[in-house]
$ cat coords-v1.cif   # mmCIF, N, CA and C atoms
data_input
#
loop_
_atom_site.label_atom_id
_atom_site.label_comp_id
_atom_site.auth_asym_id
_atom_site.auth_seq_id
_atom_site.Cartn_x
_atom_site.Cartn_y
_atom_site.Cartn_z
N MET A 1 125.32 -102.54 72.31
CA MET A 1 124.64 -101.42 72.95
C MET A 1 125.55 -100.91 74.06
N LEU A 2 125.71 -99.62 74.10
CA LEU A 2 126.53 -98.98 75.12
C LEU A 2 125.72 -97.88 75.79
N GLY A 3 126.08 -97.58 77.01
CA GLY A 3 125.44 -96.49 77.73
C GLY A 3 126.42 -95.91 78.74
N ARG A 4 126.09 -94.75 79.24
CA ARG A 4 126.91 -94.09 80.25
C ARG A 4 125.98 -93.31 81.16
N VAL A 5 126.24 -93.36 82.46
CA VAL A 5 125.48 -92.60 83.44
C VAL A 5 126.47 -91.74 84.21
N GLU A 6 126.18 -90.43 84.29
CA GLU A 6 127.05 -89.50 84.99
C GLU A 6 126.30 -88.85 86.14
N TRP A 7 126.90 -88.90 87.32
CA TRP A 7 126.35 -88.20 88.48
C TRP A 7 126.60 -86.72 88.30
N LYS A 8 125.54 -85.91 88.47
CA LYS A 8 125.63 -84.46 88.27
C LYS A 8 125.59 -83.69 89.59
N GLY A 9 125.62 -84.40 90.69
CA GLY A 9 125.53 -83.76 92.00
C GLY A 9 124.17 -84.03 92.62
N GLU A 10 124.15 -84.00 93.94
CA GLU A 10 122.93 -84.25 94.70
C GLU A 10 122.26 -85.53 94.23
N SER A 11 121.04 -85.46 93.75
CA SER A 11 120.29 -86.67 93.34
C SER A 11 120.09 -86.72 91.83
N LYS A 12 121.01 -86.10 91.10
CA LYS A 12 120.84 -85.98 89.65
C LYS A 12 121.87 -86.80 88.89
N VAL A 13 121.38 -87.46 87.82
CA VAL A 13 122.26 -88.16 86.90
C VAL A 13 121.81 -87.89 85.47
N ASP A 14 122.76 -87.94 84.56
CA ASP A 14 122.47 -87.90 83.13
C ASP A 14 122.78 -89.28 82.57
N CYS A 15 121.86 -89.80 81.76
CA CYS A 15 122.01 -91.12 81.16
C CYS A 15 122.14 -90.95 79.65
N PHE A 16 123.27 -91.41 79.10
CA PHE A 16 123.56 -91.23 77.69
C PHE A 16 123.54 -92.56 76.95
N ASN A 17 123.05 -92.53 75.71
CA ASN A 17 123.17 -93.70 74.84
C ASN A 17 124.37 -93.52 73.93
N GLU A 18 124.57 -94.49 73.01
CA GLU A 18 125.71 -94.45 72.10
C GLU A 18 125.73 -93.20 71.23
N ALA A 19 124.56 -92.67 70.90
CA ALA A 19 124.48 -91.49 70.03
C ALA A 19 124.66 -90.19 70.80
N GLY A 20 124.81 -90.27 72.12
CA GLY A 20 124.99 -89.08 72.92
C GLY A 20 123.69 -88.45 73.38
N GLN A 21 122.56 -89.08 73.05
CA GLN A 21 121.28 -88.57 73.53
C GLN A 21 121.18 -88.79 75.03
N CYS A 22 120.48 -87.90 75.71
CA CYS A 22 120.51 -87.90 77.17
C CYS A 22 119.11 -87.90 77.78
N ILE A 23 118.97 -88.68 78.84
CA ILE A 23 117.79 -88.61 79.71
C ILE A 23 118.31 -88.14 81.07
N GLU A 24 117.69 -87.08 81.59
CA GLU A 24 118.08 -86.57 82.90
C GLU A 24 117.17 -87.18 83.96
N ILE A 25 117.78 -87.64 85.05
CA ILE A 25 117.03 -88.23 86.16
C ILE A 25 117.39 -87.49 87.43
N ASP A 26 116.39 -87.17 88.20
CA ASP A 26 116.58 -86.60 89.54
C ASP A 26 115.72 -87.43 90.48
N TRP A 27 116.33 -88.37 91.19
CA TRP A 27 115.55 -89.31 91.97
C TRP A 27 114.89 -88.70 93.19
N ASP A 28 115.23 -87.47 93.55
CA ASP A 28 114.52 -86.79 94.63
C ASP A 28 113.41 -85.88 94.12
N ASP A 29 113.57 -85.33 92.92
CA ASP A 29 112.62 -84.35 92.40
C ASP A 29 112.27 -84.68 90.95
N GLY A 30 111.83 -85.89 90.72
CA GLY A 30 111.48 -86.33 89.38
C GLY A 30 111.23 -87.81 89.39
N PRO A 31 111.04 -88.41 88.23
CA PRO A 31 110.85 -89.86 88.22
C PRO A 31 112.11 -90.57 88.72
N THR A 32 111.90 -91.57 89.56
CA THR A 32 113.01 -92.36 90.06
C THR A 32 113.42 -93.38 88.99
N PRO A 33 114.59 -93.97 89.11
CA PRO A 33 114.96 -95.01 88.15
C PRO A 33 113.95 -96.16 88.09
N VAL A 34 113.35 -96.52 89.22
CA VAL A 34 112.35 -97.59 89.21
C VAL A 34 111.09 -97.15 88.46
N GLN A 35 110.65 -95.91 88.67
CA GLN A 35 109.49 -95.40 87.94
C GLN A 35 109.78 -95.37 86.44
N ILE A 36 110.97 -94.96 86.07
CA ILE A 36 111.33 -94.92 84.65
C ILE A 36 111.37 -96.34 84.07
N THR A 37 111.84 -97.29 84.85
CA THR A 37 111.84 -98.69 84.38
C THR A 37 110.42 -99.15 84.08
N LEU A 38 109.48 -98.84 84.95
CA LEU A 38 108.08 -99.20 84.71
C LEU A 38 107.57 -98.52 83.45
N GLN A 39 107.87 -97.24 83.29
CA GLN A 39 107.43 -96.51 82.10
C GLN A 39 108.05 -97.06 80.83
N MET A 40 109.26 -97.56 80.91
CA MET A 40 109.92 -98.11 79.71
C MET A 40 109.29 -99.43 79.29
N ILE A 41 108.72 -100.18 80.23
CA ILE A 41 107.95 -101.36 79.85
C ILE A 41 106.78 -100.91 78.98
N GLY A 42 106.10 -99.84 79.40
CA GLY A 42 105.00 -99.30 78.61
C GLY A 42 105.46 -98.73 77.29
N ALA A 43 106.59 -98.02 77.27
CA ALA A 43 107.08 -97.41 76.03
C ALA A 43 107.45 -98.47 75.01
N CYS A 44 108.08 -99.54 75.46
CA CYS A 44 108.46 -100.63 74.56
C CYS A 44 107.21 -101.29 73.97
N SER A 45 106.23 -101.56 74.81
CA SER A 45 105.03 -102.24 74.35
C SER A 45 104.15 -101.35 73.48
N ILE A 46 104.07 -100.07 73.82
CA ILE A 46 103.23 -99.16 73.00
C ILE A 46 103.81 -99.05 71.59
N ALA A 47 105.13 -99.15 71.46
CA ALA A 47 105.75 -99.13 70.13
C ALA A 47 105.28 -100.34 69.32
N ASP A 48 105.21 -101.51 69.95
CA ASP A 48 104.73 -102.71 69.26
C ASP A 48 103.30 -102.53 68.77
N VAL A 49 102.45 -101.96 69.62
CA VAL A 49 101.04 -101.76 69.25
C VAL A 49 100.92 -100.74 68.14
N GLN A 50 101.59 -99.60 68.27
CA GLN A 50 101.49 -98.54 67.26
C GLN A 50 102.01 -99.02 65.91
N ILE A 51 103.14 -99.69 65.90
CA ILE A 51 103.70 -100.19 64.64
C ILE A 51 102.76 -101.22 64.02
N GLY A 52 102.17 -102.07 64.84
CA GLY A 52 101.26 -103.10 64.34
C GLY A 52 99.97 -102.55 63.77
N LEU A 53 99.57 -101.36 64.21
CA LEU A 53 98.34 -100.75 63.69
C LEU A 53 98.57 -100.07 62.35
N LYS A 54 99.81 -99.99 61.93
CA LYS A 54 100.22 -99.50 60.61
C LYS A 54 99.50 -98.23 60.17
N ASP A 55 98.79 -98.31 59.05
CA ASP A 55 98.21 -97.13 58.42
C ASP A 55 96.78 -96.82 58.88
N ARG A 56 96.37 -97.40 59.98
CA ARG A 56 95.01 -97.15 60.45
C ARG A 56 94.89 -95.74 61.04
N GLU A 57 93.69 -95.20 61.02
CA GLU A 57 93.43 -93.86 61.56
C GLU A 57 93.34 -93.95 63.09
N ILE A 58 94.45 -93.75 63.76
CA ILE A 58 94.52 -93.82 65.22
C ILE A 58 94.79 -92.42 65.74
N SER A 59 93.95 -91.96 66.66
CA SER A 59 94.14 -90.61 67.20
C SER A 59 94.97 -90.61 68.48
N ARG A 60 94.91 -91.74 69.22
CA ARG A 60 95.60 -91.72 70.52
C ARG A 60 95.81 -93.15 71.01
N ILE A 61 96.97 -93.39 71.60
CA ILE A 61 97.27 -94.65 72.27
C ILE A 61 97.97 -94.32 73.59
N TRP A 62 97.54 -94.96 74.66
CA TRP A 62 98.25 -94.79 75.93
C TRP A 62 98.09 -96.04 76.77
N ILE A 63 99.00 -96.20 77.72
CA ILE A 63 98.97 -97.33 78.63
C ILE A 63 99.05 -96.80 80.05
N GLU A 64 98.13 -97.25 80.88
CA GLU A 64 98.19 -96.95 82.31
C GLU A 64 98.82 -98.16 82.99
N LEU A 65 99.85 -97.92 83.78
CA LEU A 65 100.59 -99.00 84.43
C LEU A 65 100.49 -98.88 85.94
N GLU A 66 100.36 -100.02 86.59
CA GLU A 66 100.38 -100.05 88.05
C GLU A 66 101.21 -101.25 88.47
N ALA A 67 102.20 -101.00 89.32
CA ALA A 67 103.11 -102.07 89.73
C ALA A 67 103.05 -102.28 91.24
N GLU A 68 103.21 -103.52 91.63
CA GLU A 68 103.41 -103.89 93.03
C GLU A 68 104.88 -104.27 93.17
N ARG A 69 105.44 -103.92 94.33
CA ARG A 69 106.85 -104.22 94.58
C ARG A 69 106.99 -105.01 95.87
N ALA A 70 108.08 -105.75 95.96
CA ALA A 70 108.39 -106.50 97.17
C ALA A 70 108.51 -105.53 98.34
N LYS A 71 108.15 -105.99 99.51
CA LYS A 71 108.20 -105.14 100.71
C LYS A 71 109.63 -104.95 101.23
N GLN A 72 110.48 -105.94 101.00
CA GLN A 72 111.85 -105.91 101.49
C GLN A 72 112.81 -105.63 100.34
N ALA A 73 113.95 -105.04 100.67
CA ALA A 73 114.98 -104.80 99.66
C ALA A 73 115.57 -106.13 99.19
N PRO A 74 115.85 -106.28 97.94
CA PRO A 74 115.59 -105.32 96.87
C PRO A 74 114.10 -105.30 96.54
N LYS A 75 113.54 -104.13 96.44
CA LYS A 75 112.10 -103.97 96.23
C LYS A 75 111.76 -104.12 94.74
N VAL A 76 111.94 -105.34 94.25
CA VAL A 76 111.70 -105.63 92.84
C VAL A 76 110.20 -105.64 92.54
N PHE A 77 109.87 -105.50 91.26
CA PHE A 77 108.48 -105.63 90.84
C PHE A 77 108.04 -107.07 91.10
N THR A 78 106.82 -107.21 91.62
CA THR A 78 106.23 -108.54 91.76
C THR A 78 105.07 -108.72 90.79
N SER A 79 104.37 -107.64 90.49
CA SER A 79 103.30 -107.69 89.49
C SER A 79 103.15 -106.33 88.83
N ILE A 80 102.72 -106.38 87.57
CA ILE A 80 102.47 -105.16 86.81
C ILE A 80 101.16 -105.35 86.06
N SER A 81 100.28 -104.39 86.23
CA SER A 81 99.01 -104.37 85.51
C SER A 81 99.07 -103.26 84.48
N MET A 82 98.70 -103.61 83.23
CA MET A 82 98.78 -102.63 82.14
C MET A 82 97.42 -102.51 81.48
N ASN A 83 96.89 -101.30 81.42
CA ASN A 83 95.63 -101.02 80.73
C ASN A 83 95.95 -100.25 79.46
N TYR A 84 95.73 -100.90 78.32
CA TYR A 84 95.99 -100.32 77.00
C TYR A 84 94.74 -99.61 76.52
N HIS A 85 94.91 -98.39 76.03
CA HIS A 85 93.81 -97.60 75.49
C HIS A 85 94.17 -97.18 74.06
N VAL A 86 93.26 -97.49 73.13
CA VAL A 86 93.45 -97.12 71.74
C VAL A 86 92.19 -96.41 71.28
N GLU A 87 92.37 -95.24 70.68
CA GLU A 87 91.24 -94.50 70.12
C GLU A 87 91.44 -94.36 68.62
N GLY A 88 90.42 -94.70 67.87
CA GLY A 88 90.49 -94.58 66.42
C GLY A 88 89.94 -95.81 65.75
N GLU A 89 90.28 -95.98 64.50
CA GLU A 89 89.81 -97.10 63.69
C GLU A 89 90.70 -98.31 63.92
N ALA A 90 90.52 -98.95 65.05
CA ALA A 90 91.36 -100.08 65.44
C ALA A 90 90.50 -101.32 65.64
N PRO A 91 90.71 -102.34 64.84
CA PRO A 91 89.97 -103.60 65.04
C PRO A 91 90.33 -104.22 66.40
N VAL A 92 89.33 -104.54 67.18
CA VAL A 92 89.54 -105.06 68.53
C VAL A 92 90.43 -106.30 68.51
N LYS A 93 90.16 -107.25 67.64
CA LYS A 93 90.94 -108.49 67.60
C LYS A 93 92.41 -108.19 67.32
N LEU A 94 92.66 -107.23 66.43
CA LEU A 94 94.04 -106.87 66.11
C LEU A 94 94.74 -106.26 67.30
N VAL A 95 94.09 -105.33 67.99
CA VAL A 95 94.71 -104.68 69.14
C VAL A 95 95.02 -105.72 70.21
N LYS A 96 94.09 -106.61 70.49
CA LYS A 96 94.31 -107.65 71.50
C LYS A 96 95.48 -108.55 71.10
N ARG A 97 95.56 -108.91 69.83
CA ARG A 97 96.65 -109.76 69.35
C ARG A 97 97.99 -109.02 69.45
N LEU A 98 98.01 -107.74 69.12
CA LEU A 98 99.25 -106.96 69.22
C LEU A 98 99.74 -106.87 70.66
N VAL A 99 98.83 -106.67 71.60
CA VAL A 99 99.21 -106.61 73.02
C VAL A 99 99.77 -107.97 73.45
N GLU A 100 99.09 -109.03 73.08
CA GLU A 100 99.54 -110.37 73.44
C GLU A 100 100.92 -110.67 72.85
N LYS A 101 101.10 -110.38 71.57
CA LYS A 101 102.39 -110.63 70.92
C LYS A 101 103.50 -109.76 71.51
N SER A 102 103.15 -108.55 71.91
CA SER A 102 104.14 -107.67 72.52
C SER A 102 104.75 -108.35 73.75
N HIS A 103 103.91 -108.89 74.61
CA HIS A 103 104.42 -109.49 75.84
C HIS A 103 104.94 -110.91 75.65
N ASP A 104 104.43 -111.61 74.65
CA ASP A 104 104.91 -112.97 74.40
C ASP A 104 106.26 -112.98 73.69
N LYS A 105 106.49 -112.00 72.82
CA LYS A 105 107.65 -112.10 71.95
C LYS A 105 108.44 -110.80 71.73
N TYR A 106 107.76 -109.70 71.42
CA TYR A 106 108.46 -108.54 70.87
C TYR A 106 108.99 -107.52 71.87
N CYS A 107 108.31 -107.30 72.97
CA CYS A 107 108.74 -106.26 73.91
C CYS A 107 109.90 -106.76 74.75
N THR A 108 111.09 -106.33 74.39
CA THR A 108 112.30 -106.75 75.08
C THR A 108 112.24 -106.40 76.56
N VAL A 109 111.74 -105.23 76.88
CA VAL A 109 111.76 -104.77 78.26
C VAL A 109 110.84 -105.63 79.14
N SER A 110 109.60 -105.85 78.72
CA SER A 110 108.71 -106.67 79.56
C SER A 110 109.20 -108.11 79.63
N ASN A 111 109.81 -108.61 78.57
CA ASN A 111 110.30 -109.98 78.58
C ASN A 111 111.48 -110.18 79.53
N MET A 112 112.20 -109.12 79.85
CA MET A 112 113.27 -109.22 80.84
C MET A 112 112.70 -109.49 82.23
N PHE A 113 111.47 -109.07 82.47
CA PHE A 113 110.85 -109.23 83.78
C PHE A 113 109.97 -110.48 83.86
N LYS A 114 109.66 -111.05 82.72
CA LYS A 114 108.70 -112.15 82.61
C LYS A 114 108.94 -113.31 83.59
N PRO A 115 110.19 -113.76 83.80
CA PRO A 115 110.38 -114.92 84.68
C PRO A 115 109.97 -114.68 86.13
N THR A 116 109.97 -113.43 86.59
CA THR A 116 109.73 -113.19 88.02
C THR A 116 108.57 -112.25 88.32
N VAL A 117 107.98 -111.65 87.29
CA VAL A 117 106.92 -110.66 87.50
C VAL A 117 105.65 -111.09 86.78
N ASP A 118 104.54 -111.04 87.49
CA ASP A 118 103.25 -111.34 86.87
C ASP A 118 102.78 -110.08 86.13
N ILE A 119 102.78 -110.14 84.81
CA ILE A 119 102.34 -109.01 83.99
C ILE A 119 100.98 -109.33 83.40
N SER A 120 100.00 -108.50 83.72
CA SER A 120 98.65 -108.69 83.19
C SER A 120 98.23 -107.44 82.41
N SER A 121 97.25 -107.62 81.54
CA SER A 121 96.81 -106.47 80.75
C SER A 121 95.33 -106.54 80.44
N LYS A 122 94.78 -105.36 80.21
CA LYS A 122 93.42 -105.18 79.72
C LYS A 122 93.51 -104.26 78.51
N VAL A 123 92.57 -104.43 77.58
CA VAL A 123 92.57 -103.63 76.36
C VAL A 123 91.26 -102.87 76.27
N PHE A 124 91.35 -101.57 76.02
CA PHE A 124 90.19 -100.72 75.82
C PHE A 124 90.32 -100.08 74.44
N VAL A 125 89.32 -100.28 73.59
CA VAL A 125 89.31 -99.66 72.28
C VAL A 125 88.13 -98.72 72.24
N ASN A 126 88.40 -97.45 72.00
CA ASN A 126 87.39 -96.39 71.98
C ASN A 126 86.54 -96.40 73.26
N GLY A 127 87.23 -96.60 74.37
CA GLY A 127 86.60 -96.54 75.69
C GLY A 127 85.91 -97.80 76.14
N GLU A 128 85.86 -98.81 75.30
CA GLU A 128 85.19 -100.07 75.65
C GLU A 128 86.21 -101.14 76.03
N LEU A 129 85.98 -101.80 77.17
CA LEU A 129 86.82 -102.93 77.57
C LEU A 129 86.60 -104.08 76.60
N CYS A 130 87.65 -104.62 76.06
CA CYS A 130 87.53 -105.70 75.08
C CYS A 130 87.91 -107.05 75.68
#
$ encode --input "coords-v1.cif" --output "structure tokens"
Amino acid sequence: MLGRVEWKGESKVDCFNEAGQCIEIDWDDGPTPVQITLQMIGACSIADVQIGLKDREISRIWIELEAERAKQAPKVFTSISMNYHVEGEAPVKLVKRLVEKSHDKYCTVSNMFKPTVDISSKVFVNGELC
């Protein structure tokens, strides 16, 4: 895996992957790198859930994330709370198992934080806490 980050002036950088695809970051007027890191934990895990639900009739999946950070620099994450929401024909036991497996094994991003960050989650299927 390769990547490149280019400073574009002021508070702007472009982040490129091997294929040349780009994410633009403006840490003064947009998501900061730390905010994007939190969102990527959600993006990695939501992929595990969506793929695991396979051919089921799912209309919407989203994760609400809330992180606590250390008070002193480096202000690393100390805890992350994730609320998973799935709407559609999703068996509750399956969704709960997919979320658990995501953090236990499959989500590379959350597993990088696992040794030092308390990651907790709740699952809501069709608006009901499971």
$ select_by_dssp --input "coords-v1.cif" --residues "stretch 99-128 of chain A" --states "helix (DSSP H, G or I)" --output "compact mmCIF listing (two decimals) with N, CA and C atoms, keeping the file's coordinate frame"
# COMPACT_ATOMS: atom_id res chain seq x y z
N VAL A 99 98.83 -106.67 71.60
CA VAL A 99 99.21 -106.61 73.02
C VAL A 99 99.77 -107.97 73.45
N GLU A 100 99.09 -109.03 73.08
CA GLU A 100 99.54 -110.37 73.44
C GLU A 100 100.92 -110.67 72.85
N LYS A 101 101.10 -110.38 71.57
CA LYS A 101 102.39 -110.63 70.92
C LYS A 101 103.50 -109.76 71.51
N SER A 102 103.15 -108.55 71.91
CA SER A 102 104.14 -107.67 72.52
C SER A 102 104.75 -108.35 73.75
N HIS A 103 103.91 -108.89 74.61
CA HIS A 103 104.42 -109.49 75.84
C HIS A 103 104.94 -110.91 75.65
N ASP A 104 104.43 -111.61 74.65
CA ASP A 104 104.91 -112.97 74.40
C ASP A 104 106.26 -112.98 73.69
N LYS A 105 106.49 -112.00 72.82
CA LYS A 105 107.65 -112.10 71.95
C LYS A 105 108.44 -110.80 71.73
N TYR A 106 107.76 -109.70 71.42
CA TYR A 106 108.46 -108.54 70.87
C TYR A 106 108.99 -107.52 71.87
N THR A 108 111.09 -106.33 74.39
CA THR A 108 112.30 -106.75 75.08
C THR A 108 112.24 -106.40 76.56
N VAL A 109 111.74 -105.23 76.88
CA VAL A 109 111.76 -104.77 78.26
C VAL A 109 110.84 -105.63 79.14
N SER A 110 109.60 -105.85 78.72
CA SER A 110 108.71 -106.67 79.56
C SER A 110 109.20 -108.11 79.63
N ASN A 111 109.81 -108.61 78.57
CA ASN A 111 110.30 -109.98 78.58
C ASN A 111 111.48 -110.18 79.53
N MET A 112 112.20 -109.12 79.85
CA MET A 112 113.27 -109.22 80.84
C MET A 112 112.70 -109.49 82.23
N PHE A 113 111.47 -109.07 82.47
CA PHE A 113 110.85 -109.23 83.78
C PHE A 113 109.97 -110.48 83.86
$ closest_residue --input "coords-v1.cif" --among "A:Ile23, A:Leu38, A:Cys44, A:Val125" --to "A:Ser102" --atoms "all atoms listed in the file"
A:Cys44
$ closest_atom_pairs --input "coords-v1.cif" --of "stretch 92-125 of chain A" --to "stretch 51-67 of chain A" --cutoff "8 Å" --atoms "only N, CA and C atoms" --output "tab-separated table"
residue	atom	partner	partner_atom	distance
A:Leu94	C	A:Gly52	C	7.3
A:Val95	N	A:Leu53	CA	7.6
A:Leu98	CA	A:Gly52	CA	6.5
$ residues_around --input "coords-v1.cif" --residues "A:Val5" --least-positions-apart "4" --cutoff "8 Å" --atoms "only C-alpha atoms" --output "CSV table (one decimal) with N, CA and C atoms, keeping the file's coordinate frame"
chain,number,residue,atom,x,y,z
A,13,VAL,N,121.4,-87.5,87.8
A,13,VAL,CA,122.3,-88.2,86.9
A,13,VAL,C,121.8,-87.9,85.5
A,14,ASP,N,122.8,-87.9,84.6
A,14,ASP,CA,122.5,-87.9,83.1
A,14,ASP,C,122.8,-89.3,82.6
A,15,CYS,N,121.9,-89.8,81.8
A,15,CYS,CA,122.0,-91.1,81.2
A,15,CYS,C,122.1,-91.0,79.6
A,16,PHE,N,123.3,-91.4,79.1
A,16,PHE,CA,123.6,-91.2,77.7
A,16,PHE,C,123.5,-92.6,77.0
$ select_by_dssp --input "coords-v1.cif" --residues "stretch 15-125 of chain A" --states "strand (DSSP E or B)" --output "number ranges by chain"
A: 15-17, 22-26, 58-69, 77-88, 118-125
$ closest_residue --input "coords-v1.cif" --among "A:Val123, A:Val109, A:Val76, A:Val34" --to "A:Ala47" --atoms "only C-alpha atoms"
A:Val109
$ closest_residue --input "coords-v1.cif" --among "A:Ala43, A:Asn126, A:Ala19, A:Lys114" --to "A:Ala90" --atoms "all atoms listed in the file"
A:Asn126
$ atom_distance --input "coords-v1.cif" --atom1 "atom CA of A:Phe124" --atom2 "atom C of A:Asp104"
20.3 Å
$ resolve_selection --input "coords-v1.cif" --expression "the PyMOL selection byres ((chain A and resi 10) around 8)" --output "ChimeraX atom specification"
/A:7-9,11-13,26-28
$ atom_distance --input "coords-v1.cif" --atom1 "atom CA of A:Val92" --atom2 "atom C of A:Gln35"
28.7 Å
$ atom_distance --input "coords-v1.cif" --atom1 "atom N of A:Met40" --atom2 "atom CA of A:Arg97"
21.0 Å
$ residues_around --input "coords-v1.cif" --residues "A:Lys101" --least-positions-apart "5" --cutoff "10 Å" --atoms "only C-alpha atoms" --output "PyMOL selection string"
chain A and resi 45+48-49+95-96+106-107
$ axis_aligned_box --input "coords-v1.cif" --around "stretch 7-19 of chain A" --padding-each-side "8 Å" --output "lines of an AutoDock Vina configuration file"
center_x = 123.5
center_y = -89.1
center_z = 82.4
size_x = 22.8
size_y = 26.8
size_z = 40.7
